[in-house]
$ cat start07.cif   # mmCIF, C-alpha atoms
data_protein
#
loop_
_atom_site.label_atom_id
_atom_site.label_comp_id
_atom_site.auth_asym_id
_atom_site.auth_seq_id
_atom_site.Cartn_x
_atom_site.Cartn_y
_atom_site.Cartn_z
CA MET A 1 0.00 0.00 0.00
CA GLN A 2 2.81 2.32 1.07
CA LYS A 3 4.56 1.55 -2.19
CA ASP A 4 1.46 2.33 -4.24
CA ILE A 5 1.04 5.71 -2.59
CA LEU A 6 4.70 6.55 -3.11
CA THR A 7 4.46 5.52 -6.77
CA ILE A 8 1.38 7.64 -7.35
CA ILE A 9 2.85 10.67 -5.58
CA CYS A 10 6.09 10.49 -7.59
CA GLY A 11 4.17 10.13 -10.83
CA VAL A 12 1.76 12.95 -10.09
CA VAL A 13 4.48 15.35 -8.98
CA MET A 14 6.72 14.66 -11.96
CA GLY A 15 3.79 14.83 -14.37
CA THR A 16 2.51 18.15 -13.04
CA LEU A 17 6.00 19.64 -12.99
CA SER A 18 6.56 18.52 -16.56
CA ARG A 19 3.35 20.28 -17.60
CA TYR A 20 4.70 23.43 -16.00
CA TRP A 21 8.01 23.07 -17.83
CA MET A 22 6.23 22.57 -21.11
CA MET A 23 4.39 25.88 -20.81
CA ARG A 24 6.09 28.58 -22.81
CA ARG A 25 5.01 31.87 -21.40
CA ASP A 26 7.25 34.00 -23.60
CA PHE A 27 6.28 36.99 -25.72
CA ARG A 28 3.09 35.26 -26.77
CA GLN A 29 1.82 35.47 -23.19
CA TYR A 30 -0.12 32.34 -23.83
CA PRO A 31 -1.53 30.60 -21.84
CA SER A 32 -2.31 33.89 -20.21
CA TYR A 33 -1.35 34.49 -16.62
CA PRO A 34 -2.76 33.76 -14.06
CA HIS A 35 -6.02 31.99 -14.84
CA ALA A 36 -5.31 30.10 -18.05
CA THR A 37 -2.03 28.95 -16.52
CA VAL A 38 -3.90 27.59 -13.53
CA THR A 39 -6.40 25.85 -15.82
CA HIS A 40 -3.65 24.08 -17.71
CA LEU A 41 -1.72 23.18 -14.57
CA ALA A 42 -4.91 21.65 -13.17
CA LEU A 43 -5.48 19.68 -16.38
CA GLY A 44 -1.84 18.64 -16.25
CA PHE A 45 -2.42 17.40 -12.70
CA VAL A 46 -5.41 15.33 -13.88
CA ALA A 47 -3.33 13.90 -16.72
CA ALA A 48 -0.47 13.12 -14.33
CA THR A 49 -2.84 11.36 -11.93
CA LEU A 50 -4.25 9.21 -14.72
CA GLY A 51 -0.75 8.22 -15.78
CA ALA A 52 0.46 7.59 -12.26
CA VAL A 53 -2.35 5.28 -11.10
CA ALA A 54 -2.06 2.99 -14.12
CA ILE A 55 0.95 1.01 -12.88
CA PRO A 56 -0.29 0.34 -9.30
CA ALA A 57 -3.67 -0.60 -10.79
CA ILE A 58 -2.10 -3.17 -13.09
CA ALA A 59 0.06 -4.47 -10.23
CA ALA A 60 -3.11 -4.97 -8.14
CA LYS A 61 -4.56 -6.95 -11.05
CA GLU A 62 -7.24 -4.30 -11.49
CA TYR A 63 -6.96 -4.40 -15.24
CA THR A 64 -10.22 -2.58 -15.86
CA ALA A 65 -8.79 0.47 -14.11
CA VAL A 66 -6.60 1.03 -17.15
CA THR A 67 -9.72 1.94 -19.12
CA PHE A 68 -9.40 5.18 -17.18
CA LEU A 69 -6.87 6.15 -19.78
CA THR A 70 -9.63 6.31 -22.38
CA LEU A 71 -11.18 8.97 -20.20
CA ALA A 72 -8.01 10.91 -20.66
CA ALA A 73 -8.38 10.83 -24.42
CA THR A 74 -11.89 12.31 -24.25
CA GLN A 75 -10.83 14.85 -21.67
CA PHE A 76 -7.92 16.13 -23.71
CA ARG A 77 -9.82 16.31 -26.93
CA ASP A 78 -12.04 18.74 -25.07
CA VAL A 79 -8.94 20.74 -24.21
CA ARG A 80 -8.23 21.09 -27.90
CA ASN A 81 -11.79 22.20 -28.63
CA MET A 82 -11.72 24.67 -25.76
CA GLU A 83 -8.48 26.25 -26.94
CA ARG A 84 -9.62 26.38 -30.54
CA GLU A 85 -12.93 28.03 -29.73
CA MET A 86 -11.41 30.58 -27.42
CA LEU A 87 -8.56 31.54 -29.73
CA THR A 88 -10.91 31.79 -32.71
CA ALA A 89 -13.20 34.10 -30.76
CA LEU A 90 -10.29 36.26 -29.59
CA ASP A 91 -8.80 36.39 -33.08
CA GLN A 92 -11.59 38.79 -34.07
CA SER A 93 -10.21 41.48 -31.81
CA LYS A 94 -6.64 41.33 -33.10
CA LEU A 95 -5.36 43.86 -35.60
CA VAL A 96 -3.44 41.10 -37.34
CA SER A 97 -5.15 37.78 -36.81
CA ARG A 98 -3.39 34.49 -36.17
CA GLY A 99 -5.44 32.60 -38.72
CA ALA A 100 -7.21 29.24 -38.44
CA ASP A 101 -4.09 27.17 -39.17
CA PHE A 102 -2.03 28.75 -36.44
CA ILE A 103 -4.90 28.36 -33.96
CA GLU A 104 -5.34 24.71 -34.88
CA GLY A 105 -1.62 24.20 -34.33
CA ILE A 106 -1.76 25.80 -30.89
CA ALA A 107 -4.86 23.82 -29.89
CA ARG A 108 -3.26 20.59 -31.04
CA THR A 109 -0.13 21.36 -29.04
CA PHE A 110 -2.19 21.88 -25.90
CA GLU A 111 -3.89 18.53 -26.38
CA ALA A 112 -0.67 16.70 -27.15
CA ARG A 113 1.15 18.11 -24.14
CA ASN A 114 -1.36 16.45 -21.85
CA TYR A 115 -0.60 13.08 -23.44
CA LEU A 116 3.07 13.81 -22.93
CA VAL A 117 2.33 14.46 -19.27
CA VAL A 118 0.66 11.03 -19.09
CA PHE A 119 3.80 9.56 -20.67
CA VAL A 120 6.12 11.27 -18.17
CA SER A 121 4.06 10.30 -15.14
CA LEU A 122 3.64 6.73 -16.42
CA THR A 123 7.40 6.39 -16.87
CA THR A 124 8.05 7.86 -13.44
CA SER A 125 5.56 5.62 -11.68
CA LEU A 126 6.79 2.52 -13.56
CA PHE A 127 10.39 3.04 -12.47
CA THR A 128 9.34 4.04 -8.98
CA PHE A 129 7.27 0.91 -8.64
CA ILE A 130 9.89 -1.49 -9.96
CA PHE A 131 13.05 0.14 -8.61
CA SER A 132 12.99 3.17 -6.32
CA PRO A 133 11.57 6.70 -6.14
CA LEU A 134 14.97 8.16 -7.02
CA LEU A 135 15.26 6.10 -10.17
CA GLY A 136 11.65 6.91 -10.94
CA ILE A 137 12.30 10.64 -10.81
CA LEU A 138 15.43 10.23 -12.93
CA ALA A 139 13.42 8.26 -15.48
CA GLY A 140 10.78 11.00 -15.43
CA VAL A 141 13.37 13.70 -16.08
CA PHE A 142 14.81 11.59 -18.89
CA ALA A 143 11.33 11.12 -20.37
CA LEU A 144 10.75 14.86 -20.20
CA LEU A 145 14.04 15.62 -21.95
CA LEU A 146 13.17 13.05 -24.59
CA VAL A 147 9.80 14.72 -25.09
CA ARG A 148 11.35 18.16 -25.39
CA ARG A 149 13.93 16.88 -27.85
CA PHE A 150 11.44 15.21 -30.16
CA MET A 151 8.49 17.57 -29.90
CA ARG A 152 10.47 20.56 -31.10
CA GLY A 153 9.15 21.62 -34.49
CA TYR A 154 10.87 23.48 -37.28
CA LEU A 155 11.26 27.23 -37.58
CA ILE A 156 11.08 29.32 -40.74
CA ARG A 157 14.87 29.63 -40.70
CA ASP A 158 15.08 25.87 -41.23
CA VAL A 159 13.09 26.02 -44.46
CA ALA A 160 13.85 29.44 -45.94
CA LYS A 161 16.44 32.17 -46.13
CA VAL A 162 15.00 35.45 -44.88
CA ARG A 163 16.50 38.75 -45.97
CA ALA A 164 15.58 42.41 -46.03
CA ALA A 165 14.23 43.72 -49.33
CA LYS A 166 13.31 47.02 -50.90
CA VAL A 167 9.72 48.23 -50.83
CA HIS A 168 8.75 50.36 -53.83
CA PHE A 169 5.79 51.51 -55.91
CA LYS A 170 5.13 51.22 -59.63
CA GLY A 171 2.23 53.59 -60.12
CA PRO A 172 -0.32 52.56 -57.50
CA ASN A 173 1.13 49.04 -57.19
CA LEU A 174 3.22 48.11 -54.19
CA PHE A 175 6.12 45.73 -54.71
CA VAL A 176 8.75 44.04 -52.57
CA GLU A 177 11.52 43.67 -55.13
CA ASP A 178 9.69 41.89 -57.97
CA ILE A 179 6.79 40.53 -55.92
CA HIS A 180 3.52 42.38 -56.35
CA ILE A 181 1.78 42.93 -53.04
CA MET A 182 -1.25 45.12 -53.69
CA ASN A 183 -2.73 48.17 -55.35
CA LEU A 184 -2.88 51.27 -53.17
CA GLY A 185 -4.54 54.39 -54.43
CA LEU A 186 -4.12 57.10 -51.85
CA PRO A 187 -0.99 59.30 -51.94
CA GLU A 188 -1.08 59.68 -48.15
CA ILE A 189 -0.91 55.90 -47.68
CA LYS A 190 1.80 55.52 -50.31
CA LYS A 191 3.91 58.13 -48.57
CA ILE A 192 3.73 56.22 -45.27
CA TYR A 193 4.69 53.00 -47.06
CA GLU A 194 7.63 54.69 -48.74
CA GLU A 195 8.87 56.18 -45.49
CA ARG A 196 8.10 53.48 -42.96
CA GLY A 197 7.30 50.33 -44.88
CA ARG A 198 9.69 47.41 -44.41
CA GLY A 199 9.95 44.42 -46.68
CA VAL A 200 11.43 40.97 -46.38
CA ILE A 201 11.88 38.21 -48.91
CA LEU A 202 11.73 34.56 -47.94
CA GLU A 203 13.65 32.32 -50.30
CA PRO A 204 12.80 28.65 -49.81
CA LEU A 205 15.88 26.48 -49.28
CA ASP A 206 14.41 23.57 -51.23
CA ASP A 207 11.15 22.25 -52.65
CA ASN A 208 9.84 21.36 -49.21
CA GLY A 209 10.36 24.95 -48.12
CA ARG A 210 8.64 26.20 -51.24
CA GLU A 211 5.50 24.20 -50.50
CA ILE A 212 5.51 25.19 -46.83
CA LEU A 213 5.68 28.87 -47.76
CA ALA A 214 2.89 28.37 -50.28
CA ASN A 215 0.51 27.60 -47.41
CA VAL A 216 -1.70 30.60 -46.77
CA GLY A 217 -2.08 29.80 -43.06
CA GLN A 218 1.69 29.67 -42.68
CA ARG A 219 2.02 33.08 -44.28
CA GLN A 220 -0.64 34.50 -41.99
CA ALA A 221 1.29 33.13 -39.01
CA ILE A 222 4.42 34.93 -40.27
CA ALA A 223 2.50 38.21 -40.60
CA HIS A 224 0.97 37.78 -37.16
CA ASP A 225 4.23 37.11 -35.35
CA ALA A 226 6.07 39.92 -37.13
CA ALA A 227 3.28 42.38 -36.32
CA MET A 228 3.15 41.26 -32.74
CA LEU A 229 6.89 41.60 -32.13
CA LEU A 230 7.47 44.92 -33.90
CA GLY A 231 4.11 46.59 -33.47
CA ILE A 232 1.84 47.47 -36.34
CA HIS A 233 1.18 50.94 -37.69
CA ARG A 234 -2.55 50.61 -38.15
CA ASP A 235 -5.93 50.80 -36.55
CA VAL A 236 -9.29 49.26 -37.41
CA ASP A 237 -10.02 51.93 -40.03
CA THR A 238 -6.73 51.63 -41.90
CA ALA A 239 -6.99 48.27 -43.59
CA GLU A 240 -4.21 49.37 -45.98
CA PHE A 241 -1.59 48.64 -43.36
CA THR A 242 -2.51 45.01 -42.84
CA PRO A 243 0.77 43.16 -43.40
CA LEU A 244 0.52 41.07 -46.55
CA VAL A 245 2.60 38.08 -47.52
CA ARG A 246 2.55 37.29 -51.21
CA ARG A 247 4.10 34.61 -53.35
CA LYS A 248 5.84 34.84 -56.68
CA ALA A 249 4.45 31.82 -58.46
CA ASP A 250 7.45 31.55 -60.83
CA THR A 251 10.07 31.10 -58.15
CA GLY A 252 8.15 30.18 -55.00
CA ARG A 253 9.74 33.16 -53.27
CA VAL A 254 7.54 34.95 -50.78
CA GLY A 255 7.58 38.65 -50.00
CA MET A 256 6.14 40.39 -46.97
CA VAL A 257 5.50 44.05 -46.49
CA ILE A 258 4.68 45.53 -43.12
CA VAL A 259 4.59 49.00 -41.59
CA PRO A 260 5.96 48.34 -38.12
CA ILE A 261 6.06 50.76 -35.23
CA GLU A 262 9.68 49.76 -34.64
CA PRO A 263 11.53 50.19 -37.94
CA ASP A 264 14.53 47.92 -37.14
CA ILE A 265 14.88 45.68 -40.16
CA GLU A 266 17.25 43.21 -38.44
CA CYS A 267 14.62 42.62 -35.79
CA LEU A 268 12.00 42.04 -38.48
CA VAL A 269 14.22 39.47 -40.19
CA ALA A 270 14.89 37.78 -36.84
CA ALA A 271 11.17 37.77 -36.02
CA VAL A 272 10.32 36.08 -39.31
CA ASN A 273 13.18 33.59 -38.87
CA ASN A 274 11.74 32.48 -35.55
CA VAL A 275 8.17 31.87 -36.69
CA PRO A 276 7.32 28.20 -36.16
CA VAL A 277 6.55 26.08 -39.21
CA LEU A 278 2.95 25.06 -38.66
CA GLU A 279 2.24 21.38 -38.42
CA SER A 280 -0.62 21.75 -40.89
CA ALA A 281 1.64 23.54 -43.38
CA PHE A 282 4.48 21.05 -43.15
CA VAL A 283 4.82 18.97 -46.29
CA SER A 284 7.83 17.24 -47.74
CA PRO A 285 7.44 16.45 -51.43
CA LEU A 286 11.16 15.64 -51.50
CA GLN A 287 10.51 12.48 -49.51
CA SER A 288 8.72 10.98 -52.47
CA ARG A 289 10.45 9.70 -55.56
CA ILE A 290 8.21 11.79 -57.80
CA GLY A 291 8.97 14.91 -55.80
CA ARG A 292 12.70 14.31 -56.04
CA ILE A 293 12.63 13.68 -59.76
CA ALA A 294 10.46 16.74 -60.35
CA ALA A 295 12.76 18.88 -58.23
CA ASP A 296 15.62 19.10 -60.73
CA MET B 1 -8.70 33.86 -42.01
CA GLU B 2 -7.50 34.75 -45.43
CA ILE B 3 -4.63 36.93 -46.35
CA THR B 4 -5.97 37.85 -49.75
CA ILE B 5 -8.03 40.95 -50.17
CA ALA B 6 -11.65 40.05 -49.65
CA LYS B 7 -13.34 41.54 -52.39
CA ILE B 8 -16.45 43.57 -52.09
CA ILE B 9 -16.54 46.85 -53.95
CA LEU B 10 -18.40 49.21 -51.68
CA ALA B 11 -18.22 52.36 -53.77
CA ALA B 12 -16.43 54.03 -56.61
CA VAL B 13 -15.13 57.58 -56.89
CA THR B 14 -14.48 59.05 -60.30
CA THR B 15 -13.83 62.21 -62.24
CA ARG B 16 -15.34 60.71 -65.40
CA LYS B 17 -18.71 62.30 -64.97
CA GLY B 18 -21.20 61.53 -67.68
CA GLN B 19 -18.88 59.23 -69.60
CA ASP B 20 -20.00 55.91 -68.17
CA ARG B 21 -23.22 54.22 -67.33
CA VAL B 22 -22.92 52.71 -63.88
CA SER B 23 -25.15 50.51 -61.82
CA GLY B 24 -24.88 48.29 -58.81
CA ILE B 25 -22.63 50.34 -56.55
CA PRO B 26 -22.73 53.89 -55.23
CA VAL B 27 -20.66 56.19 -57.42
CA PHE B 28 -19.32 59.52 -56.20
CA TYR B 29 -18.40 62.09 -58.81
CA ALA B 30 -15.53 64.50 -58.25
CA GLU B 31 -14.56 67.55 -60.26
CA THR B 32 -10.80 67.22 -59.89
CA ASP B 33 -8.23 64.54 -59.06
CA GLU B 34 -7.55 66.16 -55.67
CA GLU B 35 -11.21 66.06 -54.79
CA MET B 36 -11.40 62.43 -55.91
CA ILE B 37 -8.46 61.44 -53.69
CA LYS B 38 -9.96 63.30 -50.76
CA MET B 39 -13.32 61.61 -51.23
CA ALA B 40 -11.67 58.22 -51.60
CA THR B 41 -9.70 58.79 -48.38
CA ILE B 42 -12.78 59.78 -46.42
CA LEU B 43 -14.79 56.86 -47.77
CA SER B 44 -12.06 54.35 -47.05
CA ARG B 45 -11.80 55.58 -43.44
CA ILE B 46 -15.53 55.51 -42.86
CA LEU B 47 -16.04 52.11 -44.48
CA GLU B 48 -12.84 50.64 -42.98
CA ALA B 49 -11.90 49.67 -46.48
CA VAL B 50 -9.06 50.29 -48.92
CA ALA B 51 -9.01 52.69 -51.85
CA HIS B 52 -7.56 51.20 -55.02
CA ASP B 53 -6.47 53.18 -58.04
CA MET B 54 -7.78 51.78 -61.33
CA GLU B 55 -5.40 54.17 -63.14
CA ASN B 56 -8.13 55.49 -65.40
CA GLY B 57 -9.64 58.18 -63.22
CA VAL B 58 -11.61 55.70 -61.11
CA TYR B 59 -10.95 54.79 -57.49
CA ILE B 60 -12.73 51.81 -56.00
CA ILE B 61 -13.31 51.32 -52.29
CA VAL B 62 -12.88 47.64 -51.45
CA LYS B 63 -13.75 45.92 -48.21
CA HIS B 64 -11.01 43.64 -46.88
#
$ encode --input "start07.cif" --output "structure tokens"
Amino acid sequence: MQKDILTIICGVVMGTLSRYWMMRRDFRQYPSYPHATVTHLALGFVAATLGAVAIPAIAAKEYTAVTFLTLAATQFRDVRNMEREMLTALDQSKLVSRGADFIEGIARTFEARNYLVVFVSLTTSLFTFIFSPLLGILAGVFALLLVRRFMRGYLIRDVAKVRAAKVHFKGPNLFVEDIHIMNLGLPEIKKIYEERGRGVILEPLDDNGREILANVGQRQAIAHDAAMLLGIHRDVDTAEFTPLVRRKADTGRVGMVIVPIEPDIECLVAAVNNVPVLESAFVSPLQSRIGRIAAD
Amino acid sequence: MEITIAKIILAAVTTRKGQDRVSGIPVFYAETDEEMIKMATILSRILEAVAHDMENGVYIIVKH
């Protein structure tokens, strides 16, 4: 009995701590502090408990207790729905929206992290039960490091070369180098673009990168992150200053133009470099024979 | 969410009075280019839309 309690406690503690470590409250400020953080810690605790009780239950020959884990699946799917609904609703009040693809990616991450918590607490409780609490905790830490290592996605810098580019007008048409962005009629708006507009070009490193950058949701995510980090020179009544990311169909190159509050171009390039490649945008035609043959 | 311009012409402003038959959208006639630009600016602010230059003396106000 003593052993069971110890196993469960170790599993729950490691699982909940791992949920805390997995939260990235950086510039995104998401999950927001303090209440959303508490919500996710509490869900992490539930996940950890489910993972931790599995091993003692099996040891006690209570095999049906393991069906509890199916509860977890339902529970965490709800987490995904909750996150998706909330972020979609809040997207309306953003000057530059995240877009459905980015939101889906975030929601999916929140769901998956709960399963990872189950994995960490299961590993911890297994090693605690068989060997000792110390080994259990070590195994939990190892599991967590493993999770962090393998759950890290790609960034834009892994799929494309980002560089600063010149923003200019041909008549009323706005261009970043040779990429047409949009038609702008008003001289007042054009003047602001000429003075404060900043452009970047994303050159895909290979065919995989080209297809990733072709994804509209991915491009919206780039615009959102850039606008969030550098500020955006617009309000609700100046739709002209919505950052736009457009693709040159001939080359697969993508150009973005933005009027940031902070005009530092190096920061803009760095911001774009650090945008995550969305799971839904990630494709790799080069992994297929057809893709490789077509690539040359 | 789409990043393309979403495509409803709310109004047109033009200096080409009497040259065209128009229907379907409100058309505002201006005497000079300056007046046209001013009207287009005001309309785009009020409608939270973008003024596009058709390069033939017509500005269209498009909702995004």
$ closest_atom_pairs --input "start07.cif" --of "chain A" --to "chain B" --cutoff "8 Å" --atoms "all atoms listed in the file" --output "JSON lines"
{"residue": "A:Ser97", "atom": "CA", "partner": "B:Met1", "partner_atom": "CA", "distance": 7.4}
{"residue": "A:Arg98", "atom": "CA", "partner": "B:Met1", "partner_atom": "CA", "distance": 7.9}
{"residue": "A:Gly99", "atom": "CA", "partner": "B:Met1", "partner_atom": "CA", "distance": 4.8}
{"residue": "A:Ala100", "atom": "CA", "partner": "B:Met1", "partner_atom": "CA", "distance": 6.0}
{"residue": "A:Pro172", "atom": "CA", "partner": "B:Asp53", "partner_atom": "CA", "distance": 6.2}
{"residue": "A:Asn183", "atom": "CA", "partner": "B:His52", "partner_atom": "CA", "distance": 5.7}
{"residue": "A:Leu184", "atom": "CA", "partner": "B:His52", "partner_atom": "CA", "distance": 5.0}
{"residue": "A:Gly185", "atom": "CA", "partner": "B:Asp53", "partner_atom": "CA", "distance": 4.3}
{"residue": "A:Leu186", "atom": "CA", "partner": "B:Ile37", "partner_atom": "CA", "distance": 6.4}
{"residue": "A:Pro187", "atom": "CA", "partner": "B:Ile37", "partner_atom": "CA", "distance": 8.0}
{"residue": "A:Val216", "atom": "CA", "partner": "B:Ile3", "partner_atom": "CA", "distance": 7.0}
{"residue": "A:Gly217", "atom": "CA", "partner": "B:Glu2", "partner_atom": "CA", "distance": 7.7}
{"residue": "A:Arg219", "atom": "CA", "partner": "B:Ile3", "partner_atom": "CA", "distance": 8.0}
{"residue": "A:Gln220", "atom": "CA", "partner": "B:Ile3", "partner_atom": "CA", "distance": 6.4}
{"residue": "A:Val236", "atom": "CA", "partner": "B:Glu48", "partner_atom": "CA", "distance": 6.7}
{"residue": "A:Asp237", "atom": "CA", "partner": "B:Glu48", "partner_atom": "CA", "distance": 4.3}
{"residue": "A:Thr238", "atom": "CA", "partner": "B:Glu48", "partner_atom": "CA", "distance": 6.3}
{"residue": "A:Ala239", "atom": "CA", "partner": "B:Ala49", "partner_atom": "CA", "distance": 5.9}
{"residue": "A:Glu240", "atom": "CA", "partner": "B:Val50", "partner_atom": "CA", "distance": 5.7}
{"residue": "A:Leu244", "atom": "CA", "partner": "B:Ile3", "partner_atom": "CA", "distance": 6.6}
{"residue": "A:Val245", "atom": "CA", "partner": "B:Ile3", "partner_atom": "CA", "distance": 7.4}
$ resolve_selection --input "start07.cif" --expression "the PyMOL selection byres ((chain A and resi 246-249) around 10)" --output "list of chain:residue names"
A:Phe175, A:Val176, A:Asp178, A:Ile179, A:His180, A:Ile181, A:Met182, A:Ile201, A:Leu202, A:Arg210, A:Leu213, A:Ala214, A:Asn215, A:Val216, A:Arg219, A:Pro243, A:Leu244, A:Val245, A:Asp250, A:Thr251, A:Gly252, A:Arg253, A:Val254, A:Gly255, A:Met256, A:Val257, B:Ile3, B:Thr4
$ resolve_selection --input "start07.cif" --expression "the PyMOL selection byres ((chain B and resi 24) around 10)" --output "ChimeraX atom specification"
/B:9-11,22-23,25-27
$ residues_near_point --input "start07.cif" --point "(-2.6, 22.3, -15.2)" --cutoff "12 Å" --atoms "all atoms listed in the file" --output "ChimeraX atom specification"
/A:12-13,15-23,31,34-49,76,79,110-111,113-114,117
$ write_last_selection --input "start07.cif" --atoms "C-alpha atoms" --output "PDB file, keeping the file's coordinate frame"
ATOM      1  CA  VAL A  12       1.760  12.950 -10.090  1.00  0.00           C
ATOM      2  CA  VAL A  13       4.480  15.350  -8.980  1.00  0.00           C
ATOM      3  CA  GLY A  15       3.790  14.830 -14.370  1.00  0.00           C
ATOM      4  CA  THR A  16       2.510  18.150 -13.040  1.00  0.00           C
ATOM      5  CA  LEU A  17       6.000  19.640 -12.990  1.00  0.00           C
ATOM      6  CA  SER A  18       6.560  18.520 -16.560  1.00  0.00           C
ATOM      7  CA  ARG A  19       3.350  20.280 -17.600  1.00  0.00           C
ATOM      8  CA  TYR A  20       4.700  23.430 -16.000  1.00  0.00           C
ATOM      9  CA  TRP A  21       8.010  23.070 -17.830  1.00  0.00           C
ATOM     10  CA  MET A  22       6.230  22.570 -21.110  1.00  0.00           C
ATOM     11  CA  MET A  23       4.390  25.880 -20.810  1.00  0.00           C
ATOM     12  CA  PRO A  31      -1.530  30.600 -21.840  1.00  0.00           C
ATOM     13  CA  PRO A  34      -2.760  33.760 -14.060  1.00  0.00           C
ATOM     14  CA  HIS A  35      -6.020  31.990 -14.840  1.00  0.00           C
ATOM     15  CA  ALA A  36      -5.310  30.100 -18.050  1.00  0.00           C
ATOM     16  CA  THR A  37      -2.030  28.950 -16.520  1.00  0.00           C
ATOM     17  CA  VAL A  38      -3.900  27.590 -13.530  1.00  0.00           C
ATOM     18  CA  THR A  39      -6.400  25.850 -15.820  1.00  0.00           C
ATOM     19  CA  HIS A  40      -3.650  24.080 -17.710  1.00  0.00           C
ATOM     20  CA  LEU A  41      -1.720  23.180 -14.570  1.00  0.00           C
ATOM     21  CA  ALA A  42      -4.910  21.650 -13.170  1.00  0.00           C
ATOM     22  CA  LEU A  43      -5.480  19.680 -16.380  1.00  0.00           C
ATOM     23  CA  GLY A  44      -1.840  18.640 -16.250  1.00  0.00           C
ATOM     24  CA  PHE A  45      -2.420  17.400 -12.700  1.00  0.00           C
ATOM     25  CA  VAL A  46      -5.410  15.330 -13.880  1.00  0.00           C
ATOM     26  CA  ALA A  47      -3.330  13.900 -16.720  1.00  0.00           C
ATOM     27  CA  ALA A  48      -0.470  13.120 -14.330  1.00  0.00           C
ATOM     28  CA  THR A  49      -2.840  11.360 -11.930  1.00  0.00           C
ATOM     29  CA  PHE A  76      -7.920  16.130 -23.710  1.00  0.00           C
ATOM     30  CA  VAL A  79      -8.940  20.740 -24.210  1.00  0.00           C
ATOM     31  CA  PHE A 110      -2.190  21.880 -25.900  1.00  0.00           C
ATOM     32  CA  GLU A 111      -3.890  18.530 -26.380  1.00  0.00           C
ATOM     33  CA  ARG A 113       1.150  18.110 -24.140  1.00  0.00           C
ATOM     34  CA  ASN A 114      -1.360  16.450 -21.850  1.00  0.00           C
ATOM     35  CA  VAL A 117       2.330  14.460 -19.270  1.00  0.00           C
TER      36      VAL A 117
END
$ atom_distance --input "start07.cif" --atom1 "CA of Ala164 in chain A" --atom2 "CA of Leu229 in chain A"
16.4 Å
$ resolve_selection --input "start07.cif" --expression "the PyMOL selection byres ((chain A and resi 142) around 12)" --output "list in words"
Met14, Ser18, Phe119, Val120, Ser121, Thr123, Thr124, Phe127, Leu135, Gly136, Ile137, Leu138, Ala139, Gly140, Val141, Ala143, Leu144, Leu145, Leu146, Val147, Arg148 and Arg149 of chain A
$ atom_distance --input "start07.cif" --atom1 "CA of Asn273 in chain A" --atom2 "CA of Ile189 in chain A"
27.8 Å
$ atom_distance --input "start07.cif" --atom1 "CA of Asn173 in chain A" --atom2 "CA of Lys7 in chain B"
17.0 Å
$ axis_aligned_box --input "start07.cif" --around "range 49-62 of chain B" --padding-each-side "8 Å" --output "JSON"
{"center_x": -9.4, "center_y": 52.9, "center_z": -55.9, "size_x": 23.9, "size_y": 26.5, "size_z": 34.9}
$ closest_residue --input "start07.cif" --among "A:Val96, A:Tyr193, A:Leu122, A:Asp4" --to "His224 in chain A" --atoms "all atoms listed in the file"
A:Val96
$ closest_residue --input "start07.cif" --among "A:Ile156, A:Tyr63, A:Ser93, A:Arg163" --to "Asp235 in chain A" --atoms "all atoms listed in the file"
A:Ser93
$ residues_around --input "start07.cif" --residues "Phe28 in chain B" --least-positions-apart "6" --cutoff "8 Å" --atoms "only C-alpha atoms" --output "PyMOL selection string"
chain B and resi 11-14
$ closest_residue --input "start07.cif" --among "B:Ile8, B:Glu34, B:Leu43, B:Arg16" --to "Gly57 in chain B" --atoms "all atoms listed in the file"
B:Arg16
$ closest_residue --input "start07.cif" --among "A:Leu155, A:Ile265, A:Val167, A:Leu286" --to "Ala221 in chain A" --atoms "only C-alpha atoms"
A:Leu155
